[in-house]
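Pasting upload-v1.tsv here (TSV, C-alpha atoms and all ligand atoms):
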chain	number	residue	atom	x	y	z
A	12	MET	CA	37.88	239.38	-128.88
A	13	GLU	CA	40.46	240.31	-131.52
A	14	THR	CA	39.48	240.93	-135.14
A	15	PHE	CA	41.79	240.84	-138.16
A	16	SER	CA	40.59	241.82	-141.60
A	17	SER	CA	41.80	242.53	-145.11
A	18	GLY	CA	38.32	243.63	-146.18
A	19	GLN	CA	37.82	240.40	-148.11
A	20	HIS	CA	38.79	238.03	-145.30
A	21	THR	CA	38.06	238.48	-141.61
A	22	ILE	CA	39.18	236.45	-138.60
A	23	TYR	CA	37.59	236.65	-135.17
A	24	HIS	CA	39.78	235.27	-132.41
A	25	GLY	CA	37.32	234.04	-129.79
A	26	ASP	CA	34.54	231.66	-128.84
A	27	ALA	CA	32.21	230.91	-131.75
A	28	LEU	CA	29.17	231.14	-129.49
A	29	SER	CA	30.01	234.69	-128.38
A	30	VAL	CA	31.02	235.90	-131.84
A	31	LEU	CA	27.86	234.46	-133.39
A	32	ALA	CA	25.74	236.01	-130.61
A	33	SER	CA	27.25	239.45	-131.21
A	34	ASP	CA	26.34	241.73	-134.08
A	35	ARG	CA	29.81	241.50	-135.63
A	36	ILE	CA	28.36	239.17	-138.24
A	37	LEU	CA	25.02	240.52	-139.45
A	38	ASP	CA	21.96	238.29	-139.37
A	39	ALA	CA	20.89	236.93	-142.80
A	40	SER	CA	24.19	238.03	-144.37
A	41	ILE	CA	26.05	234.78	-145.05
A	42	ASP	CA	25.83	232.70	-148.25
A	43	LEU	CA	27.60	229.56	-147.07
A	44	ILE	CA	28.57	228.20	-143.65
A	45	PHE	CA	30.99	225.32	-143.22
A	46	ALA	CA	30.98	224.09	-139.62
A	47	ASP	CA	33.56	221.50	-138.59
A	48	PRO	CA	33.32	221.63	-134.78
A	49	PRO	CA	35.11	219.52	-132.17
A	50	TYR	CA	33.59	216.02	-132.48
A	51	ASN	CA	33.38	215.07	-128.75
A	52	ILE	CA	35.80	212.20	-129.33
A	53	GLY	CA	38.70	213.27	-127.14
A	54	LYS	CA	41.06	214.94	-129.64
A	55	ASN	CA	43.54	217.40	-128.22
A	56	PHE	CA	43.11	220.85	-129.70
A	57	ASN	CA	46.28	222.37	-128.33
A	58	GLY	CA	45.35	221.44	-124.75
A	59	ARG	CA	41.67	222.26	-125.12
A	60	PRO	CA	39.79	218.98	-124.59
A	61	ASP	CA	37.30	217.74	-127.15
A	62	LYS	CA	35.06	215.92	-124.67
A	63	TRP	CA	31.74	216.92	-123.16
A	64	PRO	CA	30.36	215.35	-119.93
A	65	SER	CA	27.70	213.48	-121.95
A	66	GLU	CA	26.33	213.14	-125.46
A	67	GLU	CA	23.32	215.19	-124.34
A	68	ALA	CA	25.59	218.01	-123.19
A	69	TYR	CA	27.42	217.89	-126.54
A	70	CYS	CA	24.13	218.01	-128.48
A	71	THR	CA	22.96	220.97	-126.39
A	72	TRP	CA	26.17	222.80	-127.30
A	73	VAL	CA	25.69	221.89	-130.99
A	74	SER	CA	22.12	223.15	-130.95
A	75	HIS	CA	23.27	226.50	-129.47
A	76	TRP	CA	25.79	227.30	-132.20
A	77	LEU	CA	23.54	225.82	-134.87
A	78	ASP	CA	20.73	228.22	-133.95
A	79	ARG	CA	23.16	231.11	-134.14
A	80	CYS	CA	24.52	229.95	-137.49
A	81	VAL	CA	21.06	229.60	-138.99
A	82	ARG	CA	20.32	233.20	-137.99
A	83	LYS	CA	23.37	234.37	-139.93
A	84	LEU	CA	22.38	232.58	-143.17
A	85	LYS	CA	20.70	234.40	-146.04
A	86	PRO	CA	17.30	232.93	-147.04
A	87	THR	CA	19.15	231.35	-150.00
A	88	GLY	CA	22.05	230.16	-147.87
A	89	SER	CA	23.63	226.73	-147.42
A	90	LEU	CA	25.16	225.09	-144.36
A	91	TYR	CA	27.55	222.14	-144.29
A	92	VAL	CA	28.17	220.44	-140.95
A	93	MET	CA	30.68	217.73	-140.12
A	94	CYS	CA	30.49	215.47	-137.09
A	95	ALA	CA	31.74	212.18	-135.69
A	96	THR	CA	30.17	209.00	-137.05
A	97	GLN	CA	28.97	208.30	-133.48
A	98	CYS	CA	26.94	211.55	-133.53
A	99	PHE	CA	25.51	211.15	-137.01
A	100	ALA	CA	21.95	210.42	-135.84
A	101	PRO	CA	21.47	213.17	-133.22
A	102	VAL	CA	23.14	215.80	-135.43
A	103	ASP	CA	20.93	214.75	-138.35
A	104	LEU	CA	17.89	215.31	-136.14
A	105	LEU	CA	19.12	218.72	-134.94
A	106	LEU	CA	19.65	219.78	-138.54
A	107	ARG	CA	16.28	218.51	-139.77
A	108	GLN	CA	14.57	220.51	-137.03
A	109	ARG	CA	16.03	223.71	-138.47
A	110	LEU	CA	16.86	223.25	-142.18
A	111	THR	CA	16.39	220.97	-145.18
A	112	VAL	CA	19.07	218.29	-145.41
A	113	LEU	CA	19.76	217.78	-149.12
A	114	SER	CA	22.60	215.27	-148.87
A	115	ARG	CA	24.36	213.16	-146.27
A	116	ILE	CA	27.85	212.99	-147.68
A	117	VAL	CA	30.41	210.38	-146.71
A	118	TRP	CA	33.98	211.67	-146.85
A	119	HIS	CA	36.11	208.55	-146.99
A	120	TYR	CA	39.86	208.07	-147.00
A	121	ASP	CA	42.49	205.44	-146.50
A	122	SER	CA	44.89	204.98	-143.65
A	123	SER	CA	48.08	202.98	-143.62
A	124	GLY	CA	48.26	203.34	-139.82
A	125	VAL	CA	47.23	200.53	-137.50
A	126	GLN	CA	43.49	200.06	-137.73
A	127	ALA	CA	41.09	198.27	-135.42
A	128	LYS	CA	41.68	194.52	-135.15
A	129	ARG	CA	38.41	193.47	-133.51
A	130	HIS	CA	35.95	195.59	-135.44
A	131	PHE	CA	35.78	197.53	-138.73
A	132	GLY	CA	37.88	200.65	-138.23
A	133	SER	CA	36.41	204.04	-139.05
A	134	LEU	CA	37.60	205.47	-142.36
A	135	TRP	CA	34.90	208.01	-143.12
A	136	GLU	CA	33.31	211.17	-141.70
A	137	PRO	CA	29.82	212.55	-142.29
A	138	ILE	CA	29.17	215.89	-143.97
A	139	PHE	CA	25.61	217.19	-143.98
A	140	HIS	CA	24.63	219.51	-146.83
A	141	CYS	CA	21.65	221.64	-145.75
A	142	VAL	CA	19.82	224.62	-147.18
A	143	MET	CA	17.42	227.20	-145.80
A	144	ASP	CA	15.06	226.94	-148.76
A	145	PRO	CA	15.01	223.77	-150.90
A	146	ASN	CA	13.46	225.78	-153.74
A	147	LYS	CA	16.06	228.55	-153.80
A	148	TYR	CA	19.70	227.79	-153.14
A	149	THR	CA	23.04	227.91	-154.96
A	150	PHE	CA	24.33	224.71	-156.53
A	151	ASN	CA	26.93	225.17	-159.28
A	152	ALA	CA	26.86	221.67	-160.74
A	153	ASP	CA	29.12	222.60	-163.67
A	154	ALA	CA	31.86	223.81	-161.31
A	155	ILE	CA	32.32	220.46	-159.59
A	156	LEU	CA	31.99	217.87	-162.34
A	157	VAL	CA	34.06	214.71	-162.02
A	158	GLU	CA	34.86	211.94	-164.45
A	159	ALA	CA	31.98	209.51	-165.06
A	160	LYS	CA	34.11	206.39	-165.18
A	161	THR	CA	31.81	204.17	-167.25
A	162	GLY	CA	31.45	206.74	-169.98
A	163	ALA	CA	34.94	208.17	-169.90
A	164	GLN	CA	37.02	205.02	-169.54
A	165	ARG	CA	34.94	202.35	-171.27
A	166	LYS	CA	33.59	204.64	-173.99
A	167	LEU	CA	30.20	202.92	-173.84
A	168	VAL	CA	27.32	203.80	-176.12
A	169	ASP	CA	23.74	203.65	-174.90
A	170	TYR	CA	21.92	201.70	-177.61
A	171	ARG	CA	18.63	201.80	-175.68
A	172	LYS	CA	18.05	205.31	-177.01
A	173	LYS	CA	16.33	205.78	-180.41
A	174	VAL	CA	19.50	207.44	-181.64
A	175	PRO	CA	22.39	205.76	-179.76
A	176	VAL	CA	24.39	208.22	-177.66
A	177	GLN	CA	27.68	208.01	-175.85
A	178	TYR	CA	27.54	207.75	-172.06
A	179	ASN	CA	28.33	211.00	-170.22
A	180	VAL	CA	32.02	211.46	-169.52
A	181	LYS	CA	31.41	213.93	-166.66
A	182	LYS	CA	28.95	213.92	-163.78
A	183	VAL	CA	28.08	215.69	-160.55
A	184	PRO	CA	29.77	213.75	-157.73
A	185	GLY	CA	27.56	211.42	-155.73
A	186	ASN	CA	27.43	211.54	-151.95
A	187	ALA	CA	30.51	209.35	-151.30
A	188	TRP	CA	33.62	211.50	-151.68
A	189	TYR	CA	37.15	210.20	-151.66
A	190	PHE	CA	39.83	212.73	-150.71
A	191	PRO	CA	43.13	211.68	-149.10
A	192	ARG	CA	43.64	213.01	-145.59
A	193	VAL	CA	46.19	215.79	-145.21
A	194	ARG	CA	49.61	214.19	-144.73
A	195	TYR	CA	52.77	215.70	-143.28
A	196	ARG	CA	54.51	215.77	-146.66
A	197	MET	CA	51.69	217.59	-148.44
A	198	PRO	CA	52.38	221.30	-149.10
A	199	GLU	CA	49.10	222.27	-147.40
A	200	TYR	CA	49.96	220.45	-144.13
A	201	GLU	CA	49.65	222.49	-140.92
A	202	ARG	CA	50.20	221.46	-137.30
A	203	HIS	CA	46.64	220.65	-136.33
A	204	PRO	CA	45.03	217.32	-135.41
A	205	THR	CA	42.01	217.50	-137.73
A	206	GLN	CA	42.97	219.60	-140.76
A	207	LYS	CA	40.61	219.01	-143.67
A	208	PRO	CA	41.82	218.71	-147.28
A	209	LEU	CA	41.75	221.90	-149.34
A	210	ALA	CA	40.31	219.97	-152.32
A	211	LEU	CA	37.32	218.91	-150.22
A	212	LEU	CA	36.60	222.49	-149.16
A	213	GLU	CA	37.09	223.77	-152.70
A	214	ARG	CA	34.36	221.39	-153.89
A	215	ILE	CA	31.97	222.66	-151.21
A	216	VAL	CA	32.75	226.33	-151.82
A	217	ALA	CA	32.57	225.97	-155.62
A	218	ALA	CA	29.24	224.12	-155.44
A	219	SER	CA	27.43	226.25	-152.87
A	220	SER	CA	28.63	229.82	-153.38
A	221	ASN	CA	29.38	232.29	-156.15
A	222	MET	CA	32.25	234.70	-156.70
A	223	GLY	CA	32.09	237.52	-154.13
A	224	ASP	CA	29.81	235.56	-151.77
A	225	VAL	CA	30.64	235.30	-148.05
A	226	VAL	CA	31.72	231.98	-146.55
A	227	LEU	CA	31.63	231.63	-142.75
A	228	ASP	CA	33.61	229.02	-140.80
A	229	PRO	CA	32.87	229.15	-137.04
A	230	PHE	CA	35.52	226.53	-136.11
A	231	ALA	CA	38.33	227.47	-138.45
A	232	GLY	CA	41.24	225.31	-137.22
A	233	THR	CA	43.77	225.73	-140.01
A	234	PHE	CA	41.36	227.97	-141.94
A	235	THR	CA	40.93	225.53	-144.82
A	236	ALA	CA	37.46	226.86	-145.69
A	237	ALA	CA	38.71	230.46	-145.79
A	238	ARG	CA	41.72	229.45	-147.90
A	239	ALA	CA	39.39	227.65	-150.34
A	240	ALA	CA	37.16	230.75	-150.38
A	241	ALA	CA	40.15	232.95	-151.20
A	242	ASN	CA	41.33	230.59	-153.95
A	243	LEU	CA	37.88	230.76	-155.54
A	244	LYS	CA	37.46	234.53	-155.14
A	245	ARG	CA	34.87	234.42	-152.37
A	246	ARG	CA	35.00	236.47	-149.17
A	247	SER	CA	35.35	234.76	-145.81
A	248	MET	CA	34.73	235.13	-142.10
A	249	SER	CA	36.37	232.70	-139.70
A	250	ILE	CA	36.23	232.16	-135.95
A	251	GLU	CA	38.89	230.31	-133.99
A	252	ILE	CA	39.37	230.16	-130.23
A	253	ASP	CA	42.98	228.98	-130.09
A	254	GLU	CA	45.85	231.44	-130.48
A	255	ASP	CA	48.24	229.04	-132.23
A	256	TYR	CA	45.60	228.14	-134.80
A	257	LEU	CA	44.77	231.84	-135.19
A	258	LYS	CA	48.41	232.37	-136.20
A	259	ILE	CA	48.06	229.68	-138.88
A	260	GLY	CA	45.03	231.56	-140.21
A	261	LEU	CA	46.77	234.93	-140.23
A	262	ARG	CA	49.59	233.40	-142.29
A	263	ARG	CA	47.44	231.19	-144.52
A	264	LEU	CA	45.13	234.07	-145.44
A	265	GLU	CA	48.04	236.51	-145.71
A	266	LEU	CA	46.45	238.86	-143.16
A	267	ALA	CA	49.65	239.40	-141.17
A	268	THR	CA	53.33	238.55	-141.30
A	269	GLU	CA	53.78	238.78	-137.55
A	270	TYR	CA	51.69	238.40	-134.40
A	271	LYS	CA	52.73	239.81	-131.01
A	272	GLY	CA	56.26	240.18	-132.33
A	273	GLU	CA	56.46	236.62	-133.67
A	274	CYS	CA	57.18	236.05	-137.37
A	275	LEU	CA	54.43	234.02	-138.97
A	276	HIS	CA	56.49	231.97	-141.41
A	277	ARG	CA	55.49	228.41	-142.10
A	278	PRO	CA	57.59	226.16	-139.83
A	279	LEU	CA	60.07	224.03	-141.76
A	280	LYS	CA	59.32	220.33	-141.98
A	281	SER	CA	61.86	217.90	-140.57
A	282	TYR	CA	63.10	216.93	-144.03
A	283	GLU	CA	63.46	220.56	-145.13
A	284	ASN	CA	66.01	221.78	-142.62
A	285	GLY	CA	68.83	219.51	-143.72
A	286	CYS	CA	70.01	218.50	-140.25
A	287	SER	CA	66.89	217.18	-138.57
A	288	ASN	CA	68.24	215.74	-135.29
A	289	GLU	CA	70.62	218.53	-134.32
A	290	SER	CA	68.08	221.24	-135.00
A	291	LYS	CA	65.12	219.65	-133.21
A	292	ASN	CA	65.05	222.31	-130.50
A	293	LEU	CA	65.59	225.27	-132.79
A	294	THR	CA	62.71	227.24	-134.21
A	295	LEU	CA	63.40	227.39	-137.91
A	296	PHE	CA	61.57	229.52	-140.38
A	297	GLU	CA	61.35	229.30	-144.12
A	298	GLN	CA	63.09	232.20	-145.84
A	301	LIG	C1	37.64	220.09	-136.14
A	301	LIG	S1	38.64	221.48	-135.94
A	301	LIG	C2	38.41	222.37	-137.44
A	301	LIG	C3	39.40	221.97	-138.51
A	301	LIG	C4	39.30	222.81	-139.75
A	301	LIG	N1	38.09	222.53	-140.50
A	301	LIG	C5	40.52	222.62	-140.64
A	301	LIG	O1	40.37	222.24	-141.81
A	301	LIG	O2	41.61	222.82	-140.16
A	301	LIG	C6	37.75	222.42	-134.77
A	301	LIG	C7	38.42	223.73	-134.38
A	301	LIG	O3	37.50	224.44	-133.54
A	301	LIG	C8	38.24	225.16	-132.58
A	301	LIG	N2	37.29	225.44	-131.49
A	301	LIG	C9	36.92	224.64	-130.46
A	301	LIG	N3	35.98	225.22	-129.70
A	301	LIG	C10	35.76	226.43	-130.25
A	301	LIG	C11	34.89	227.50	-129.92
A	301	LIG	N4	34.06	227.43	-128.89
A	301	LIG	N5	34.91	228.61	-130.70
A	301	LIG	C12	35.75	228.68	-131.78
A	301	LIG	N6	36.60	227.72	-132.12
A	301	LIG	C13	36.60	226.59	-131.38
A	301	LIG	C14	39.38	224.23	-132.21
A	301	LIG	O4	40.46	224.96	-131.66
A	301	LIG	C15	39.70	223.58	-133.56
A	301	LIG	O5	40.76	224.26	-134.20
Encoded form (structure tokens):
Amino acid sequence: METFSSGQHTIYHGDALSVLASDRILDASIDLIFADPPYNIGKNFNGRPDKWPSEEAYCTWVSHWLDRCVRKLKPTGSLYVMCATQCFAPVDLLLRQRLTVLSRIVWHYDSSGVQAKRHFGSLWEPIFHCVMDPNKYTFNADAILVEAKTGAQRKLVDYRKKVPVQYNVKKVPGNAWYFPRVRYRMPEYERHPTQKPLALLERIVAASSNMGDVVLDPFAGTFTAARAAANLKRRSMSIEIDEDYLKIGLRRLELATEYKGECLHRPLKSYENGCSNESKNLTLFEQ
């Protein structure tokens, strides 16, 4: 298992189960865990299949890493878990057996791609927000306020009060979150099939951790959680099994400029290189 660290941000290149079972991450040391594992829906993570022999086998695997994650959390810690809509119910149960589920968040988005024609296509993903202790946990409501549309746009006054007051113009978001999916043309885009939006992770990190706290992501992918942690002056620990995704993390967290002799520049997008067809087979790097 390789480890890369700047002091503030650490990456473990390996299997989350082994890293979490080792003493590299101390028990009861983590403030916030964001776990976005493979969903068991057949995605292709760089050749590594995202399919277990059965739903039971998948849930057994989830319960193994979940137990290890819970051990790493501080008594005041929070855990967010994402899963496929198909697995919502069993994952909910696994979480309730170990923690308190405070919110079942729906992350919804739009898609211009072809959607299902014979049923209602899936345009949302679940995010569970859990805590170790429902009486003692971090929730920075003021850091994540959004516009309260009724108050802000219609400028309504509540005349039911003895002294009429204006409706609030800001509020804590409810449990249905709209964030666009990461598109190829967005600056944050990385080559990964399930990259999560930075804005979504910034909301989670801002709400459930404080400056200097440690955020752990056991299935880092493009290291969105760690990037959000860095942007908000938190520390981070990330685990990723795949070498290509590890390289994204090393670059995105500015932990290295090269890996095994390879420069870790962001690959140019097709519209950035000026001569897209001719240069298809060339490896181009941003200067
Ligand atoms: C759903 S993606 C995470 C996406 C990430 N949240 C992002 O924003 O890019 C799951 C990631 O887990 C990695 N992975 C799969 N099995 C793993 C394991 N046993 N240990 C560590 N990482 C694993 C995959 O390579 C994939 O990058």
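In this comparison, which uses only C-alpha atoms, the residue of A:Leu266, A:Ile259, A:Ala163, A:Cys98 approaching Pro278 of chain A most closely is A:Ile259.
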Shell of 7 Å around ligand LIG 301 (chain A) (all atoms listed in the file), written as a ChimeraX atom specification: /A:25-28,47-50,56,203,205-208,229-236,250-253,256
Between atom CA of Val193 of chain A and atom CA of Lys258 of chain A - distance in Å to one decimal: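 Spanning atom CA of Lys258 of chain A to atom CA of Val193 of chain A is a straight-line distance of 19.0 Å.
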Which residues are near Leu212 of chain A? Cut-off 10 Å, only C-alpha atoms, ignore same chain within fewer than 2 positions. Put them as a PyMOL selection string. chain A and resi 45+207-210+214-218+235-240
I need the residue nearest Ala46 of chain A from this list: A:Asn221, A:Gln108, A:Ser89, A:Asn151. Use only C-alpha atoms for the distance.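 Closest to Ala46 of chain A, using only C-alpha atoms: A:Ser89.
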Would you give me, as JSON lines, each residue of segment 150-255 of chain A having an atom within 12 Å of an atom of segment 33-38 of chain A, along with its shortest atom pair and that distance in Å to one decimal, using all atoms listed in the file and sorting by chain and residue number?
{"residue": "A:Val225", "atom": "CA", "partner": "A:Ile36", "partner_atom": "CA", "distance": 10.8}
{"residue": "A:Val226", "atom": "CA", "partner": "A:Ile36", "partner_atom": "CA", "distance": 11.5}
{"residue": "A:Leu227", "atom": "CA", "partner": "A:Ile36", "partner_atom": "CA", "distance": 9.4}
{"residue": "A:Asp228", "atom": "CA", "partner": "A:Ile36", "partner_atom": "CA", "distance": 11.7}
{"residue": "A:Pro229", "atom": "CA", "partner": "A:Ile36", "partner_atom": "CA", "distance": 11.1}
{"residue": "A:Ser247", "atom": "CA", "partner": "A:Ile36", "partner_atom": "CA", "distance": 11.2}
{"residue": "A:Met248", "atom": "CA", "partner": "A:Ile36", "partner_atom": "CA", "distance": 8.5}
{"residue": "A:Ser249", "atom": "CA", "partner": "A:Ile36", "partner_atom": "CA", "distance": 10.4}
{"residue": "A:Ile250", "atom": "CA", "partner": "A:Ile36", "partner_atom": "CA", "distance": 10.8}
Counting all atoms listed in the file, which residue out of A:Phe15, A:Tyr120, A:Tyr270, A:Tyr282 sits closest to Pro137 of chain A?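 For Pro137 of chain A, the nearest of the given residues is A:Tyr120.
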Closest contacts (segment 100-121 of chain A/segment 64-71 of chain A, max 10 Å, all atoms listed in the file) as a tab-separated table:
residue	atom	partner	partner_atom	distance
A:Pro101	CA	A:Cys70	CA	7.3
A:Val102	CA	A:Cys70	CA	7.4
A:Leu105	CA	A:Cys70	CA	8.2
With all atoms listed in the file as the basis for distance, which of A:Tyr23, A:Trp72, A:Trp118, A:Phe139 is at the shortest distance from Val92 of chain A?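 Ranked by minimum distance to Val92 of chain A, first place goes to A:Phe139.
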List as a JSON list (two decimals) with C-alpha atoms, in the frame of the given file the protein and nucleic acid residues near Leu275 of chain A, meaning an atom at most 12 Å away when all atoms listed in the file are counted, but skip any in the same chain fewer than 2 places from it.
[["chain", "number", "residue", "atom", "x", "y", "z"],
["A", 255, "ASP", "CA", 48.24, 229.04, -132.23],
["A", 256, "TYR", "CA", 45.60, 228.14, -134.80],
["A", 257, "LEU", "CA", 44.77, 231.84, -135.19],
["A", 258, "LYS", "CA", 48.41, 232.37, -136.20],
["A", 259, "ILE", "CA", 48.06, 229.68, -138.88],
["A", 260, "GLY", "CA", 45.03, 231.56, -140.21],
["A", 261, "LEU", "CA", 46.77, 234.93, -140.23],
["A", 262, "ARG", "CA", 49.59, 233.40, -142.29],
["A", 263, "ARG", "CA", 47.44, 231.19, -144.52],
["A", 264, "LEU", "CA", 45.13, 234.07, -145.44],
["A", 265, "GLU", "CA", 48.04, 236.51, -145.71],
["A", 266, "LEU", "CA", 46.45, 238.86, -143.16],
["A", 267, "ALA", "CA", 49.65, 239.40, -141.17],
["A", 268, "THR", "CA", 53.33, 238.55, -141.30],
["A", 269, "GLU", "CA", 53.78, 238.78, -137.55],
["A", 270, "TYR", "CA", 51.69, 238.40, -134.40],
["A", 271, "LYS", "CA", 52.73, 239.81, -131.01],
["A", 272, "GLY", "CA", 56.26, 240.18, -132.33],
["A", 273, "GLU", "CA", 56.46, 236.62, -133.67],
["A", 277, "ARG", "CA", 55.49, 228.41, -142.10],
["A", 278, "PRO", "CA", 57.59, 226.16, -139.83],
["A", 279, "LEU", "CA", 60.07, 224.03, -141.76],
["A", 294, "THR", "CA", 62.71, 227.24, -134.21],
["A", 295, "LEU", "CA", 63.40, 227.39, -137.91],
["A", 296, "PHE", "CA", 61.57, 229.52, -140.38],
["A", 297, "GLU", "CA", 61.35, 229.30, -144.12],
["A", 298, "GLN", "CA", 63.09, 232.20, -145.84]]
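Here atom CA of Glu213 of chain A and atom CA of Leu243 of chain A stand 7.6 Å from one another.
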Under the rule that all atoms listed in the file are counted, which of A:Asn51, A:Ala154, A:Asn186, A:Cys80 is the nearest residue to Arg115 of chain A?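 Using all atoms listed in the file, the shortest distance to Arg115 of chain A belongs to A:Asn186.
Interatomic distance, atom CA of Cys274 of chain A against atom CA of Glu199 of chain A: 18.9 Å.
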Which is closer to Thr111 of chain A than all the others in A:Glu136, A:Ala95, A:Asp144, A:Arg79, using all atoms listed in the file?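 Between A:Glu136, A:Ala95, A:Asp144, A:Arg79, the residue approaching Thr111 of chain A most closely is A:Asp144.
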Kindly extract all protein, DNA and RNA residues lying within 12 Å of the coordinates (46.0, 206.4, -142.0) given in the file, considering all atoms listed in the file, and supply them as JSON, numbers by chain. {"A": [119, 120, 121, 122, 123, 124, 125, 126, 127, 132, 133, 134, 135, 191, 192, 193, 194, 195]}
